[in-house]
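As stored in final.cif (mmCIF, C-alpha atoms and all ligand atoms):
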data_target
#
loop_
_atom_site.label_atom_id
_atom_site.label_comp_id
_atom_site.auth_asym_id
_atom_site.auth_seq_id
_atom_site.Cartn_x
_atom_site.Cartn_y
_atom_site.Cartn_z
CA MET A 650 -7.21 -6.21 -21.79
CA GLN A 651 -9.33 -8.67 -19.84
CA TYR A 652 -10.43 -6.66 -16.78
CA ARG A 653 -11.98 -8.41 -13.82
CA ARG A 654 -13.01 -7.06 -10.46
CA LEU A 655 -10.91 -8.11 -7.47
CA PRO A 656 -12.21 -9.44 -4.13
CA ILE A 657 -10.51 -6.55 -2.29
CA GLU A 658 -12.61 -4.11 -4.34
CA ILE A 659 -15.87 -6.08 -4.41
CA GLU A 660 -15.72 -6.69 -0.65
CA SER A 661 -14.29 -3.26 0.22
CA PRO A 662 -15.85 -1.56 3.26
CA GLU A 663 -17.17 1.29 1.13
CA ASN A 664 -19.05 -1.26 -0.98
CA TYR A 665 -20.19 -3.27 2.05
CA GLY A 666 -21.47 -0.06 3.63
CA TYR A 667 -19.68 1.86 6.38
CA GLY A 668 -22.98 1.96 8.27
CA ASN A 669 -22.91 -1.85 8.58
CA ILE A 670 -19.53 -1.96 10.31
CA ASP A 671 -18.95 -1.16 13.98
CA CYS A 672 -15.16 -1.69 14.13
CA ASN A 673 -13.52 -1.08 10.76
CA LEU A 674 -10.04 -2.61 10.81
CA SER A 675 -10.11 -3.37 7.09
CA GLU A 676 -8.77 -0.02 5.91
CA SER A 677 -5.22 0.60 4.79
CA SER A 678 -5.01 4.33 5.44
CA PHE A 679 -5.15 6.90 8.20
CA THR A 680 -8.65 8.20 9.10
CA ASP A 681 -10.36 10.05 6.24
CA GLN A 682 -10.03 13.80 6.80
CA ARG A 683 -12.71 16.48 6.48
CA LEU A 684 -11.91 19.48 4.26
CA ALA A 685 -13.21 21.96 6.85
CA ASP A 686 -10.71 20.67 9.44
CA LEU A 687 -7.69 21.25 7.21
CA GLY A 688 -8.03 25.03 6.84
CA ILE A 689 -7.80 24.83 3.06
CA ASP A 690 -9.18 27.73 1.01
CA LEU A 691 -10.36 27.04 -2.56
CA SER A 692 -12.35 30.22 -3.12
CA THR A 693 -10.09 31.82 -5.75
CA LEU A 694 -9.33 28.63 -7.62
CA LEU A 695 -9.73 28.82 -11.41
CA LEU A 696 -11.42 25.66 -12.69
CA CYS A 697 -9.21 25.28 -15.75
CA TYR A 698 -7.31 22.46 -17.40
CA ASN A 699 -3.99 22.52 -15.62
CA ASP A 700 -0.41 21.79 -16.66
CA HIS A 701 -0.55 18.25 -18.05
CA LYS A 702 2.32 17.12 -15.83
CA GLY A 703 0.50 18.44 -12.79
CA LYS A 704 0.44 21.67 -10.80
CA PRO A 705 4.01 23.04 -10.91
CA ALA A 706 4.06 24.08 -7.23
CA LEU A 707 2.94 20.59 -6.21
CA ARG A 708 5.60 18.96 -8.39
CA GLU A 709 8.23 21.26 -6.85
CA ILE A 710 7.37 20.06 -3.34
CA ILE A 711 7.33 16.39 -4.34
CA ALA A 712 10.58 16.68 -6.32
CA ALA A 713 12.42 18.45 -3.50
CA GLU A 714 11.79 15.54 -1.14
CA ALA A 715 13.06 13.09 -3.76
CA ASN A 716 16.16 15.14 -4.54
CA VAL A 717 15.15 15.48 -8.20
CA ILE A 718 13.81 18.35 -10.31
CA ALA A 719 10.10 19.12 -10.83
CA GLU A 720 10.32 17.83 -14.44
CA ASP A 721 10.96 14.36 -12.99
CA ALA A 722 7.57 14.26 -11.23
CA LEU A 723 4.22 13.49 -12.84
CA ILE A 724 1.00 13.97 -10.86
CA THR A 725 -1.62 11.25 -11.37
CA PRO A 726 -5.14 10.55 -10.10
CA GLY A 727 -3.95 8.45 -7.14
CA ALA A 728 -1.09 5.96 -6.94
CA ALA A 729 -3.41 3.46 -8.64
CA ALA A 730 -3.30 5.50 -11.87
CA ALA A 731 0.48 5.83 -11.59
CA LEU A 732 0.80 2.03 -11.24
CA PHE A 733 -1.45 1.59 -14.28
CA ILE A 734 0.55 4.07 -16.35
CA VAL A 735 3.87 2.43 -15.48
CA SER A 736 2.68 -1.14 -16.12
CA THR A 737 0.96 -0.33 -19.42
CA SER A 738 3.92 1.77 -20.62
CA LEU A 739 6.61 -0.80 -19.83
CA LEU A 740 4.89 -4.13 -20.31
CA GLU A 741 3.32 -5.90 -23.23
CA LYS A 742 1.78 -9.34 -23.50
CA GLY A 743 4.45 -11.96 -22.81
CA ASP A 744 6.92 -9.57 -21.15
CA HIS A 745 8.46 -10.76 -17.92
CA ILE A 746 7.81 -8.98 -14.62
CA LEU A 747 9.11 -9.95 -11.21
CA VAL A 748 6.60 -8.80 -8.62
CA ALA A 749 6.57 -9.07 -4.84
CA LYS A 750 3.96 -11.38 -3.34
CA THR A 751 1.95 -10.94 -1.14
CA ASN A 752 1.01 -7.49 -2.36
CA TYR A 753 -1.58 -4.80 -2.84
CA ALA A 754 -3.72 -6.59 -5.44
CA THR A 755 -3.38 -4.06 -8.29
CA ASN A 756 0.40 -4.42 -8.30
CA ILE A 757 -0.10 -8.00 -9.44
CA GLU A 758 -3.39 -7.73 -11.29
CA THR A 759 -2.54 -4.99 -13.81
CA PRO A 760 0.53 -6.83 -15.22
CA ARG A 761 -1.59 -10.00 -15.23
CA THR A 762 -4.37 -8.22 -17.16
CA ILE A 763 -1.84 -6.98 -19.71
CA GLY A 764 -0.87 -10.62 -20.25
CA ALA A 765 2.66 -10.23 -18.88
CA GLU A 766 4.50 -13.27 -17.68
CA LEU A 767 4.59 -13.01 -13.91
CA SER A 768 7.17 -14.42 -11.49
CA TYR A 769 6.76 -13.83 -7.81
CA PHE A 770 9.33 -12.49 -5.41
CA LYS A 771 7.97 -14.25 -2.36
CA LEU A 772 7.88 -12.44 0.97
CA ASP A 773 7.62 -15.13 3.57
CA PHE A 774 6.05 -14.83 7.02
CA ASP A 775 8.54 -17.37 8.36
CA LYS A 776 11.41 -15.19 7.14
CA ASN A 777 9.92 -12.06 8.71
CA PHE A 778 8.77 -10.88 5.26
CA GLU A 779 12.37 -9.81 4.64
CA PRO A 780 13.59 -9.61 1.03
CA ASP A 781 16.15 -12.23 0.02
CA LEU A 782 18.42 -10.11 -2.19
CA GLN A 783 20.28 -13.07 -3.64
CA GLN A 784 16.98 -14.56 -4.71
CA LEU A 785 15.96 -11.18 -6.13
CA GLU A 786 19.09 -11.02 -8.23
CA ASN A 787 18.79 -14.65 -9.37
CA SER A 788 15.15 -14.15 -10.40
CA ILE A 789 15.88 -11.25 -12.78
CA THR A 790 16.53 -12.60 -16.27
CA PRO A 791 17.57 -10.74 -19.45
CA GLN A 792 13.85 -10.85 -20.35
CA THR A 793 12.75 -9.06 -17.16
CA LYS A 794 11.28 -5.72 -18.17
CA LEU A 795 10.19 -4.64 -14.71
CA VAL A 796 10.68 -5.48 -11.03
CA SER A 797 7.88 -4.34 -8.74
CA LEU A 798 8.36 -3.89 -4.99
CA THR A 799 6.49 -1.99 -2.28
CA TYR A 800 8.05 -0.40 0.84
CA PRO A 801 6.69 0.17 3.45
CA HIS A 802 4.75 -2.88 2.40
CA ASN A 803 1.00 -3.41 2.24
CA PRO A 804 -0.35 -5.66 3.79
CA THR A 805 2.60 -6.67 6.05
CA GLY A 806 4.08 -3.35 7.22
CA ALA A 807 7.55 -4.71 6.30
CA MET A 808 10.20 -2.07 5.55
CA ILE A 809 13.79 -1.96 4.28
CA ASP A 810 16.60 0.30 5.48
CA ALA A 811 18.67 2.67 3.34
CA GLU A 812 21.49 0.12 3.03
CA THR A 813 19.14 -2.56 1.65
CA LEU A 814 17.63 -0.05 -0.77
CA LYS A 815 21.14 0.78 -1.99
CA LYS A 816 21.82 -2.92 -2.62
CA ILE A 817 18.52 -3.29 -4.51
CA VAL A 818 19.43 -0.28 -6.68
CA GLU A 819 22.80 -1.90 -7.45
CA ILE A 820 21.06 -5.14 -8.49
CA ILE A 821 18.65 -3.26 -10.77
CA GLU A 822 21.50 -1.36 -12.43
CA ARG A 823 23.64 -4.49 -12.79
CA LYS A 824 20.76 -6.35 -14.37
CA GLN A 825 19.78 -3.39 -16.58
CA THR A 826 16.07 -3.59 -15.81
CA PHE A 827 13.59 -1.14 -14.27
CA LEU A 828 12.30 -1.04 -10.72
CA LEU A 829 8.87 0.21 -9.78
CA LEU A 830 8.99 1.03 -6.08
CA ASP A 831 5.56 1.66 -4.61
CA GLU A 832 6.29 4.09 -1.77
CA THR A 833 2.67 4.92 -1.02
CA TYR A 834 3.26 4.36 2.73
CA ARG A 835 6.59 6.18 2.81
CA ASP A 836 5.72 8.83 5.41
CA MET A 837 4.55 6.18 7.86
CA ASN A 838 7.98 4.57 8.25
CA PHE A 839 8.79 4.10 11.98
CA GLY A 840 12.56 3.81 11.52
CA GLU A 841 15.38 5.86 10.00
CA ASP A 842 14.67 7.98 6.91
CA VAL A 843 15.14 6.16 3.61
CA PRO A 844 15.65 8.21 0.45
CA VAL A 845 13.01 8.32 -2.28
CA ALA A 846 14.33 5.55 -4.54
CA ALA A 847 13.81 7.37 -7.85
CA GLY A 848 16.37 9.97 -6.75
CA LEU A 849 19.05 7.25 -6.74
CA SER A 850 18.90 5.96 -10.32
CA GLU A 851 17.35 6.54 -13.74
CA LYS A 852 16.24 2.92 -13.63
CA ILE A 853 13.78 3.52 -10.81
CA ILE A 854 10.22 4.78 -10.76
CA SER A 855 8.91 5.79 -7.35
CA ILE A 856 5.17 6.02 -6.78
CA SER A 857 3.35 7.64 -3.91
CA SER A 858 0.10 9.27 -2.97
CA MET A 859 -1.92 11.54 -0.69
CA SER A 860 -4.31 8.71 0.19
CA LYS A 861 -2.72 6.70 2.98
CA SER A 862 -0.53 8.75 5.31
CA TYR A 863 -2.66 11.89 5.17
CA GLY A 864 -6.11 10.27 5.03
CA LEU A 865 -7.03 12.01 1.75
CA PRO A 866 -8.01 9.16 -0.62
CA GLY A 867 -11.01 11.18 -1.82
CA ILE A 868 -8.91 13.76 -3.63
CA ARG A 869 -7.34 11.11 -5.91
CA ILE A 870 -3.87 12.56 -6.03
CA GLY A 871 -0.76 10.45 -6.43
CA TRP A 872 2.44 10.76 -8.43
CA LEU A 873 5.31 9.00 -10.05
CA ILE A 874 8.90 10.15 -10.06
CA CYS A 875 11.54 9.11 -12.57
CA LYS A 876 14.76 10.74 -13.80
CA ASN A 877 14.65 8.98 -17.19
CA LYS A 878 13.42 11.68 -19.63
CA GLN A 879 12.36 9.25 -22.34
CA LEU A 880 10.26 7.18 -19.94
CA MET A 881 8.69 10.33 -18.51
CA GLU A 882 7.59 11.40 -21.99
CA THR A 883 5.87 8.01 -22.44
CA PHE A 884 4.24 8.24 -18.99
CA LEU A 885 2.97 11.74 -19.84
CA ALA A 886 1.54 10.47 -23.13
CA ALA A 887 -0.28 7.70 -21.22
CA LYS A 888 -1.63 10.19 -18.70
CA GLU A 889 -2.83 12.54 -21.46
CA GLN A 890 -4.63 9.74 -23.26
CA ILE A 891 -6.49 8.64 -20.13
CA PHE A 892 -6.97 11.81 -18.07
CA ILE A 893 -5.43 14.81 -19.93
CA THR A 894 -4.85 16.55 -16.59
CA ASN A 895 -5.69 16.09 -12.93
CA SER A 896 -8.61 17.77 -11.21
CA VAL A 897 -7.37 21.26 -10.25
CA VAL A 898 -9.46 21.04 -7.06
CA ASP A 899 -7.66 17.87 -6.02
CA GLU A 900 -4.25 19.30 -6.89
CA GLU A 901 -4.90 22.49 -4.95
CA ILE A 902 -5.94 20.58 -1.82
CA ALA A 903 -2.86 18.35 -2.07
CA CYS A 904 -0.59 21.35 -2.57
CA GLN A 905 -1.98 23.34 0.35
CA TYR A 906 -1.72 20.22 2.55
CA LEU A 907 1.91 19.55 1.64
CA VAL A 908 2.92 23.20 2.15
CA ARG A 909 1.73 22.74 5.76
CA LYS A 910 2.75 19.07 6.04
CA GLN A 911 4.90 19.53 9.13
CA GLU A 912 1.98 21.06 11.08
CA LEU A 913 -0.75 18.76 9.69
CA PHE A 914 1.06 15.43 9.58
CA THR A 915 3.05 15.46 12.87
CA PRO A 916 -0.01 14.69 15.07
CA VAL A 917 -1.17 12.07 12.53
CA LYS A 918 2.13 10.22 12.77
CA THR A 919 1.97 10.26 16.57
CA THR A 920 -1.53 8.76 16.46
CA ILE A 921 -0.43 6.04 14.05
CA PHE A 922 2.53 5.11 16.25
CA ASN A 923 0.39 5.04 19.41
CA ASN A 924 -2.09 2.74 17.66
CA PHE A 925 0.79 0.51 16.62
CA LEU A 926 1.80 0.26 20.30
CA ILE A 927 -1.77 -0.76 21.17
CA VAL A 928 -1.67 -3.58 18.61
CA LYS A 929 1.79 -4.60 19.79
CA SER A 930 0.64 -4.88 23.38
CA PHE A 931 -2.51 -6.78 22.27
CA MET A 932 -0.36 -9.27 20.31
CA ARG A 933 1.79 -9.91 23.39
CA GLN A 934 -1.19 -10.66 25.59
CA GLN A 935 -2.93 -13.33 23.51
CA ASN A 936 -1.97 -16.74 22.14
CA LEU A 937 -4.23 -17.32 19.13
CA LEU A 938 -2.48 -15.06 16.63
CA GLU A 939 1.15 -14.61 15.55
CA TRP A 940 2.63 -11.73 13.57
CA VAL A 941 5.69 -10.18 12.09
CA GLU A 942 5.89 -6.83 13.82
CA PRO A 943 5.43 -4.07 11.23
CA LYS A 944 8.18 -1.49 10.73
CA GLY A 945 6.00 1.10 9.04
CA GLY A 946 2.64 1.83 7.47
CA CYS A 947 -0.64 1.47 9.33
CA VAL A 948 -1.40 -2.18 8.62
CA CYS A 949 -0.12 -5.55 9.78
CA PHE A 950 -0.72 -9.07 8.52
CA PRO A 951 -1.03 -11.53 11.41
CA ARG A 952 -2.20 -15.10 11.04
CA ILE A 953 -4.05 -17.54 13.23
CA LYS A 954 -1.41 -19.86 14.74
CA LYS A 955 -0.94 -23.07 12.78
CA ALA A 956 -1.62 -25.20 15.86
CA ILE A 957 -5.14 -23.77 16.15
CA GLU A 958 -7.65 -25.77 14.09
CA VAL A 959 -10.13 -23.24 12.85
CA ASP A 960 -12.84 -22.92 10.21
CA THR A 961 -11.54 -19.75 8.56
CA GLU A 962 -14.74 -19.11 6.59
CA ARG A 963 -16.73 -19.23 9.81
CA PHE A 964 -14.19 -17.01 11.54
CA HIS A 965 -14.51 -14.17 9.01
CA LYS A 966 -18.31 -14.56 8.85
CA THR A 967 -18.66 -14.53 12.64
CA LEU A 968 -16.32 -11.58 12.97
CA LEU A 969 -18.27 -9.51 10.47
CA GLU A 970 -21.85 -10.64 11.02
CA LYS A 971 -21.91 -11.26 14.76
CA TYR A 972 -19.24 -8.81 15.93
CA SER A 973 -19.60 -6.24 13.16
CA THR A 974 -15.82 -6.10 12.87
CA TYR A 975 -14.15 -6.01 9.48
CA VAL A 976 -10.58 -7.05 8.66
CA GLY A 977 -9.02 -7.65 5.23
CA ARG A 978 -9.13 -11.42 4.78
CA GLY A 979 -5.97 -13.10 3.46
CA GLY A 980 -7.76 -13.95 0.21
CA TRP A 981 -7.72 -10.26 -0.71
CA PHE A 982 -3.95 -10.68 -1.03
CA GLU A 983 -3.97 -14.14 -2.63
CA GLU A 984 -3.10 -15.72 0.73
CA GLY A 985 -5.06 -18.15 2.91
CA ASN A 986 -7.79 -16.79 5.16
CA ARG A 987 -5.83 -17.66 8.31
CA TYR A 988 -4.11 -14.40 7.48
CA MET A 989 -5.84 -11.09 7.99
CA ARG A 990 -4.82 -7.52 7.36
CA ILE A 991 -5.51 -5.34 10.34
CA GLY A 992 -5.57 -1.63 9.62
CA TYR A 993 -4.91 0.09 12.93
CA SER A 994 -5.27 3.78 12.20
CA TRP A 995 -8.51 4.37 10.34
CA ASP A 996 -11.13 3.74 13.01
CA LYS A 997 -11.14 5.39 16.45
CA THR A 998 -8.73 3.97 19.04
CA GLU A 999 -11.57 2.53 21.17
CA LYS A 1000 -12.94 0.76 18.07
CA LEU A 1001 -9.47 -0.63 17.38
CA GLU A 1002 -9.31 -2.06 20.90
CA LYS A 1003 -12.84 -3.45 20.68
CA GLY A 1004 -12.21 -4.88 17.21
CA LEU A 1005 -9.03 -6.63 18.34
CA SER A 1006 -10.81 -8.34 21.21
CA ASN A 1007 -13.65 -9.30 18.82
CA ILE A 1008 -11.08 -11.06 16.60
CA LEU A 1009 -10.15 -13.34 19.52
CA LYS A 1010 -13.82 -14.06 20.29
CA ALA A 1011 -14.52 -14.94 16.64
CA ILE A 1012 -11.50 -17.28 16.49
CA GLU A 1013 -12.59 -19.05 19.69
CA GLU A 1014 -16.09 -19.50 18.27
CA SER A 1015 -14.76 -20.92 15.00
CA ARG A 1016 -12.37 -23.48 16.42
CA ILE A 1017 -12.60 -27.09 15.33
CA TRP A 1018 -12.01 -29.38 18.26
CA VAL A 1019 -10.41 -32.62 17.19
CA LYS A 1020 -11.23 -35.56 19.52
CA ALA A 1021 -8.13 -37.12 21.09
CA GLY A 1022 -7.46 -40.80 20.31
C1 LIG A 1101 0.60 -0.19 -1.92
C2 LIG A 1101 -0.50 0.62 -2.54
N1 LIG A 1101 -0.25 1.28 -3.68
C3 LIG A 1101 -1.19 2.02 -4.27
C4 LIG A 1101 -2.46 2.13 -3.75
C5 LIG A 1101 -3.48 2.99 -4.44
O1 LIG A 1101 -3.63 4.17 -3.71
P1 LIG A 1101 -4.35 5.47 -4.28
O2 LIG A 1101 -5.54 5.72 -3.41
O3 LIG A 1101 -3.34 6.57 -4.17
O4 LIG A 1101 -4.73 5.21 -5.70
C6 LIG A 1101 -2.78 1.44 -2.58
C7 LIG A 1101 -4.14 1.47 -2.02
O5 LIG A 1101 -4.52 0.67 -1.18
C8 LIG A 1101 -1.76 0.69 -1.95
O6 LIG A 1101 -1.98 0.03 -0.81
#

Represent the supplied structure as structure tokens.
Amino acid sequence: MQYRRLPIEIESPENYGYGNIDCNLSESSFTDQRLADLGIDLSTLLLCYNDHKGKPALREIIAAEANVIAEDALITPGAAAALFIVSTSLLEKGDHILVAKTNYATNIETPRTIGAELSYFKLDFDKNFEPDLQQLENSITPQTKLVSLTYPHNPTGAMIDAETLKKIVEIIERKQTFLLLDETYRDMNFGEDVPVAAGLSEKIISISSMSKSYGLPGIRIGWLICKNKQLMETFLAAKEQIFITNSVVDEEIACQYLVRKQELFTPVKTTIFNNFLIVKSFMRQQNLLEWVEPKGGCVCFPRIKKAIEVDTERFHKTLLEKYSTYVGRGGWFEEGNRYMRIGYSWDKTEKLEKGLSNILKAIEESRIWVKAG
């Protein structure tokens, strides 16, 4: 496998240095949480190898929400590891994958690194980032080994309803392929509840994580869910060869959090929604940026209006170096740098407001004025 580092990782805020950023709107998760604030007790924890599939009590909780049994859930070190396990288990060099674009970079890069043949299922700003199901169906060929979608979507915040999910499941079953549905942002959906996709068909693998909604990326706990026993055996073999088990410390923290999810997550969700309303009101009051309003998650993907001539390199440089405000530039998602991902629930609300107004200042200072006549 030909690994290469991605811009989103090289330029990540943790690599750039949190101390160098005043307004950090580049993150894609809720504010990182402190262990002491969660009331989690680890004092009696035995530091053993654990069940290779993951802590049984944790799998029970995850499975219950997906309407499957605990045997259908495999705990992994973050959603990133789950994505890696699924791609490397199902794809070989030359195999066809249909993958949504734009996307969280790993969802595209791992199949690419394997040498799979990639086709893109384009999510278009001008079509509100909505999935064209006819196009989805037409793009799946008998050679397609895997379809890869993400909802709620990173970086756009796009979401599908239960009816659309049902239609996607029907397409996948009709076409006899597999669907990887990255549901890492699932708990941050603003609309009606949508079932965990893996509960609906043996052809679906759902992936999720503790990182984004709960602000716990440091414990590296994610999972995959799939009702297909044969696939699960392969996924377990992959996990055992890379990790053997998860960290019991990480699993214990995740488990204690999820047992008290109602109490711990309710205020988080309120904060995320209030921050969304701040961004929504900001977008209404300016005329340099346009967006597709997100329906979930804690990120959005606006772009500088086409009519505005702007030096995008200068814009991002000015924003970061002069205004100490960081956004995820479009290039992190293989899009032009007129686009930017704004994460609206990691930094404090006053930093969000300040950062948003800094974006407008940096655009104004990077405009290219074309002489009339
Ligand atoms: C859509 C999506 N999937 C997976 C991941 C990986 O998350 P984790 O920290 O659980 O590995 C990310 C992280 O940004 C993501 O945005």

With ligand LIG 1101 (chain A) as the partner and 7 Å as the cut-off, tabulate the residues of chain A that qualify, each row holding the nearest pair of atoms and their distance in Å to one decimal, using all atoms listed in the file, sorted by chain and rising number, as a tab-separated table.
residue	atom	partner	partner_atom	distance
A:Ser677	CA	A:LIG1101	O5	6.0
A:Pro726	CA	A:LIG1101	O4	6.9
A:Gly727	CA	A:LIG1101	O3	3.6
A:Ala728	CA	A:LIG1101	O3	3.6
A:Ala729	CA	A:LIG1101	O4	3.7
A:Ala730	CA	A:LIG1101	O4	6.3
A:Tyr753	CA	A:LIG1101	C1	5.2
A:Thr799	CA	A:LIG1101	C1	6.2
A:His802	CA	A:LIG1101	C1	6.6
A:Asn803	CA	A:LIG1101	C1	5.3
A:Asp831	CA	A:LIG1101	N1	5.9
A:Thr833	CA	A:LIG1101	N1	5.4
A:Ser857	CA	A:LIG1101	O3	6.8
A:Ser858	CA	A:LIG1101	O3	4.5
A:Met859	CA	A:LIG1101	O3	6.2
A:Ser860	CA	A:LIG1101	O2	4.8
A:Pro866	CA	A:LIG1101	O2	5.1
A:Arg869	CA	A:LIG1101	O2	6.2
A:Ile870	CA	A:LIG1101	O3	6.3
A:Gly871	CA	A:LIG1101	O3	5.2

Any chance you can output those residues with C-alpha atoms as an mmCIF file, keeping the file's coordinate frame?
data_model
loop_
_atom_site.group_PDB
_atom_site.id
_atom_site.type_symbol
_atom_site.label_atom_id
_atom_site.label_comp_id
_atom_site.auth_asym_id
_atom_site.auth_seq_id
_atom_site.Cartn_x
_atom_site.Cartn_y
_atom_site.Cartn_z
ATOM 1 C CA SER A 677 -5.220 0.600 4.790
ATOM 2 C CA PRO A 726 -5.140 10.550 -10.100
ATOM 3 C CA GLY A 727 -3.950 8.450 -7.140
ATOM 4 C CA ALA A 728 -1.090 5.960 -6.940
ATOM 5 C CA ALA A 729 -3.410 3.460 -8.640
ATOM 6 C CA ALA A 730 -3.300 5.500 -11.870
ATOM 7 C CA TYR A 753 -1.580 -4.800 -2.840
ATOM 8 C CA THR A 799 6.490 -1.990 -2.280
ATOM 9 C CA HIS A 802 4.750 -2.880 2.400
ATOM 10 C CA ASN A 803 1.000 -3.410 2.240
ATOM 11 C CA ASP A 831 5.560 1.660 -4.610
ATOM 12 C CA THR A 833 2.670 4.920 -1.020
ATOM 13 C CA SER A 857 3.350 7.640 -3.910
ATOM 14 C CA SER A 858 0.100 9.270 -2.970
ATOM 15 C CA MET A 859 -1.920 11.540 -0.690
ATOM 16 C CA SER A 860 -4.310 8.710 0.190
ATOM 17 C CA PRO A 866 -8.010 9.160 -0.620
ATOM 18 C CA ARG A 869 -7.340 11.110 -5.910
ATOM 19 C CA ILE A 870 -3.870 12.560 -6.030
ATOM 20 C CA GLY A 871 -0.760 10.450 -6.430
#

Padding 4 Å on every side, please: axis-aligned box over the listed atoms of region 1008-1018 of chain A, centre and edge lengths to one decimal in Å, as JSON.
{"center_x": -13.1, "center_y": -20.2, "center_z": 17.6, "size_x": 13.9, "size_y": 26.3, "size_z": 13.3}

Next on the checklist: Quick one: residues within 9 Å of Phe925 (chain A), only C-alpha atoms, excluding same-chain residues fewer than 5 positions away - as a PyMOL selection string?
Outcome noted: chain A and resi 920+930+943+947-948+993-994

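Taking CA of Gln934 (chain A) and CA of Ser1006 (chain A) as endpoints, the distance between them is 10.8 Å.
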
Next on the checklist: Considering all atoms listed in the file, can you say which of A:Asp681, A:Glu962, A:Asp842, A:Asp690 comes closest to Glu901 (chain A)?
Outcome noted: A:Asp690

Checklist entry - Do you have the CA of Leu828 (chain A)-CA of Val796 (chain A) distance handy? => result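 Result for CA of Leu828 (chain A) versus CA of Val796 (chain A): 4.7 Å, one decimal.
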
Item to check | Pick from A:Val898, A:Cys949, A:Leu732, A:Leu865, whichever lies nearest to Glu832 (chain A) using all atoms listed in the file | outcome: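 Of A:Val898, A:Cys949, A:Leu732, A:Leu865, the one nearest Glu832 (chain A) is A:Leu732, counting all atoms listed in the file.
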